[in-house]
Amino acid sequence: MSWQAYVDDHLLCEIEGNSLSAAAIIGHDGSVWAQSDTFPQLKPEEVAGILSDFEEPGTLAPTGLFLGGTKYMVIQGEPGAVIRGKKGAGGVTVKKTNLALIIGIYNEPMTPGQCNMIVERLGDYLIEQGM
């Protein structure tokens with residue numbers, strides 16, 4: 001399966017009639033493996049900040065999580081595994097795998113829990129596959 005198929009078929013799937021507004025799979029080096037048309041252009045320092053928070057959980061909390069220049073308030077996550085952010089009626093979930101970052105962005109009516117389920121399920125599968 002191509003990386004784009006993982007984005008199109010798994011991350012952008014419908015759950016209870018809702019789907020993510022944007023999604024991507026980004027390598028730890030910042031390279032885009034696959035993304036939806038609506039995913040923002042990430043800056044290298046944004047990817048570096050996300051990876052830094054996975055290495056030292058809590059580093060993004062004071063400044064926020066930035067994706068394509070949009071700031072998300074960092075909320076509870078799983079140290080070293082998942083970062084979650086909120087902005088207004090939407091938010092973001094970032095799951096770290098061995099080789100990549102799985103990123104899902106949502107807006108209402110999708111719920112944070114639905115976003116978490118979609119992103120983390122694919123991330124867990126890729127980790128099981130050694131990726």
# chains A, B, ... in the order shown; residues from 1 in each chain; ligands from 1

call {"tool": "closest_atom_pairs", "arguments": {"of": "segment 32-126 of chain A", "to": "segment 16-26 of chain A", "cutoff": "9 Å", "atoms": "only C-alpha atoms", "output": "JSON lines"}}
result
{"residue": "A:Val32", "atom": "CA", "partner": "A:Ile26", "partner_atom": "CA", "distance": 4.6}
{"residue": "A:Trp33", "atom": "CA", "partner": "A:Ile26", "partner_atom": "CA", "distance": 5.5}
{"residue": "A:Ala34", "atom": "CA", "partner": "A:Ile25", "partner_atom": "CA", "distance": 5.3}
{"residue": "A:Gln35", "atom": "CA", "partner": "A:Ala24", "partner_atom": "CA", "distance": 4.0}
{"residue": "A:Ser36", "atom": "CA", "partner": "A:Ala23", "partner_atom": "CA", "distance": 5.5}
{"residue": "A:Asp37", "atom": "CA", "partner": "A:Ala22", "partner_atom": "CA", "distance": 7.5}
{"residue": "A:Thr38", "atom": "CA", "partner": "A:Ala22", "partner_atom": "CA", "distance": 5.4}
{"residue": "A:Phe39", "atom": "CA", "partner": "A:Ala22", "partner_atom": "CA", "distance": 4.9}
{"residue": "A:Pro40", "atom": "CA", "partner": "A:Ala22", "partner_atom": "CA", "distance": 8.1}
{"residue": "A:Val47", "atom": "CA", "partner": "A:Ile26", "partner_atom": "CA", "distance": 8.6}
{"residue": "A:Leu99", "atom": "CA", "partner": "A:Ile26", "partner_atom": "CA", "distance": 8.7}
{"residue": "A:Ala100", "atom": "CA", "partner": "A:Ile26", "partner_atom": "CA", "distance": 5.4}
{"residue": "A:Leu101", "atom": "CA", "partner": "A:Ile26", "partner_atom": "CA", "distance": 5.1}
{"residue": "A:Ile102", "atom": "CA", "partner": "A:Ile25", "partner_atom": "CA", "distance": 4.8}
{"residue": "A:Ile103", "atom": "CA", "partner": "A:Ala24", "partner_atom": "CA", "distance": 5.3}
{"residue": "A:Gly104", "atom": "CA", "partner": "A:Ala23", "partner_atom": "CA", "distance": 4.4}
{"residue": "A:Ile105", "atom": "CA", "partner": "A:Ala22", "partner_atom": "CA", "distance": 5.1}
{"residue": "A:Tyr106", "atom": "CA", "partner": "A:Leu20", "partner_atom": "CA", "distance": 4.8}
{"residue": "A:Asn107", "atom": "CA", "partner": "A:Ser21", "partner_atom": "CA", "distance": 6.6}
{"residue": "A:Glu108", "atom": "CA", "partner": "A:Asn18", "partner_atom": "CA", "distance": 8.7}
{"residue": "A:Pro109", "atom": "CA", "partner": "A:Asn18", "partner_atom": "CA", "distance": 6.9}
{"residue": "A:Met110", "atom": "CA", "partner": "A:Asn18", "partner_atom": "CA", "distance": 5.4}
{"residue": "A:Thr111", "atom": "CA", "partner": "A:Asn18", "partner_atom": "CA", "distance": 8.7}
{"residue": "A:Gln114", "atom": "CA", "partner": "A:Asn18", "partner_atom": "CA", "distance": 8.4}
{"residue": "A:Cys115", "atom": "CA", "partner": "A:Leu20", "partner_atom": "CA", "distance": 6.8}
{"residue": "A:Ile118", "atom": "CA", "partner": "A:Leu20", "partner_atom": "CA", "distance": 8.7}
{"residue": "A:Val119", "atom": "CA", "partner": "A:Ala23", "partner_atom": "CA", "distance": 8.8}

call {"tool": "residues_around", "arguments": {"residues": "Ile127 of chain A", "least_positions_apart": "6", "cutoff": "9 Å", "atoms": "only C-alpha atoms", "output": "PyMOL selection string"}}
result
chain A and resi 96-99

call {"tool": "write_last_selection", "arguments": {"atoms": "N, CA and C atoms", "output": "mmCIF file, in the first residue's frame"}}
result
data_model
loop_
_atom_site.group_PDB
_atom_site.id
_atom_site.type_symbol
_atom_site.label_atom_id
_atom_site.label_comp_id
_atom_site.auth_asym_id
_atom_site.auth_seq_id
_atom_site.Cartn_x
_atom_site.Cartn_y
_atom_site.Cartn_z
ATOM 1 N N LYS A 96 3.546 9.491 17.095
ATOM 2 C CA LYS A 96 4.904 9.195 16.652
ATOM 3 C C LYS A 96 5.056 7.695 16.445
ATOM 4 N N THR A 97 5.592 7.315 15.279
ATOM 5 C CA THR A 97 5.949 5.924 15.036
ATOM 6 C C THR A 97 7.479 5.861 14.983
ATOM 7 N N ASN A 98 8.017 4.696 14.681
ATOM 8 C CA ASN A 98 9.470 4.541 14.628
ATOM 9 C C ASN A 98 10.119 5.441 13.580
ATOM 10 N N LEU A 99 9.409 5.696 12.476
ATOM 11 C CA LEU A 99 9.990 6.427 11.354
ATOM 12 C C LEU A 99 9.247 7.706 10.971
#

call {"tool": "closest_residue", "arguments": {"among": "A:Gly123, A:Gly58, A:Gly68, A:Gly113", "to": "Val94 of chain A", "atoms": "only C-alpha atoms"}}
result
A:Gly123

call {"tool": "select_by_dssp", "arguments": {"residues": "chain A", "states": "strand (DSSP E)", "output": "PyMOL selection string"}}
result
chain A and resi 22-27+32-35+65-67+70-78+82-87+90-96+100-107

call {"tool": "atom_distance", "arguments": {"atom1": "atom CA of Lys86 of chain A", "atom2": "atom CA of Val74 of chain A"}}
result
6.5 Å

call {"tool": "residues_around", "arguments": {"residues": "Gln76 of chain A", "least_positions_apart": "4", "cutoff": "10 Å", "atoms": "only C-alpha atoms", "output": "CSV table (one decimal) with C-alpha atoms, in the first residue's frame"}}
result
chain,number,residue,atom,x,y,z
A,58,GLY,CA,6.2,19.3,27.9
A,61,ALA,CA,3.2,23.4,26.4
A,82,VAL,CA,1.0,11.2,21.3
A,83,ILE,CA,0.7,15.0,21.3
A,84,ARG,CA,-2.8,16.5,21.2
A,85,GLY,CA,-3.7,20.1,20.5

call {"tool": "atom_distance", "arguments": {"atom1": "atom CA of Gly91 of chain A", "atom2": "atom CA of Ser2 of chain A"}}
result
26.3 Å

call {"tool": "select_by_dssp", "arguments": {"residues": "chain A", "states": "alpha helix (DSSP H)", "output": "PyMOL selection string"}}
result
chain A and resi 3-5+44-55+112-128

call {"tool": "atom_distance", "arguments": {"atom1": "atom CA of Met117 of chain A", "atom2": "atom CA of Glu45 of chain A"}}
result
26.9 Å
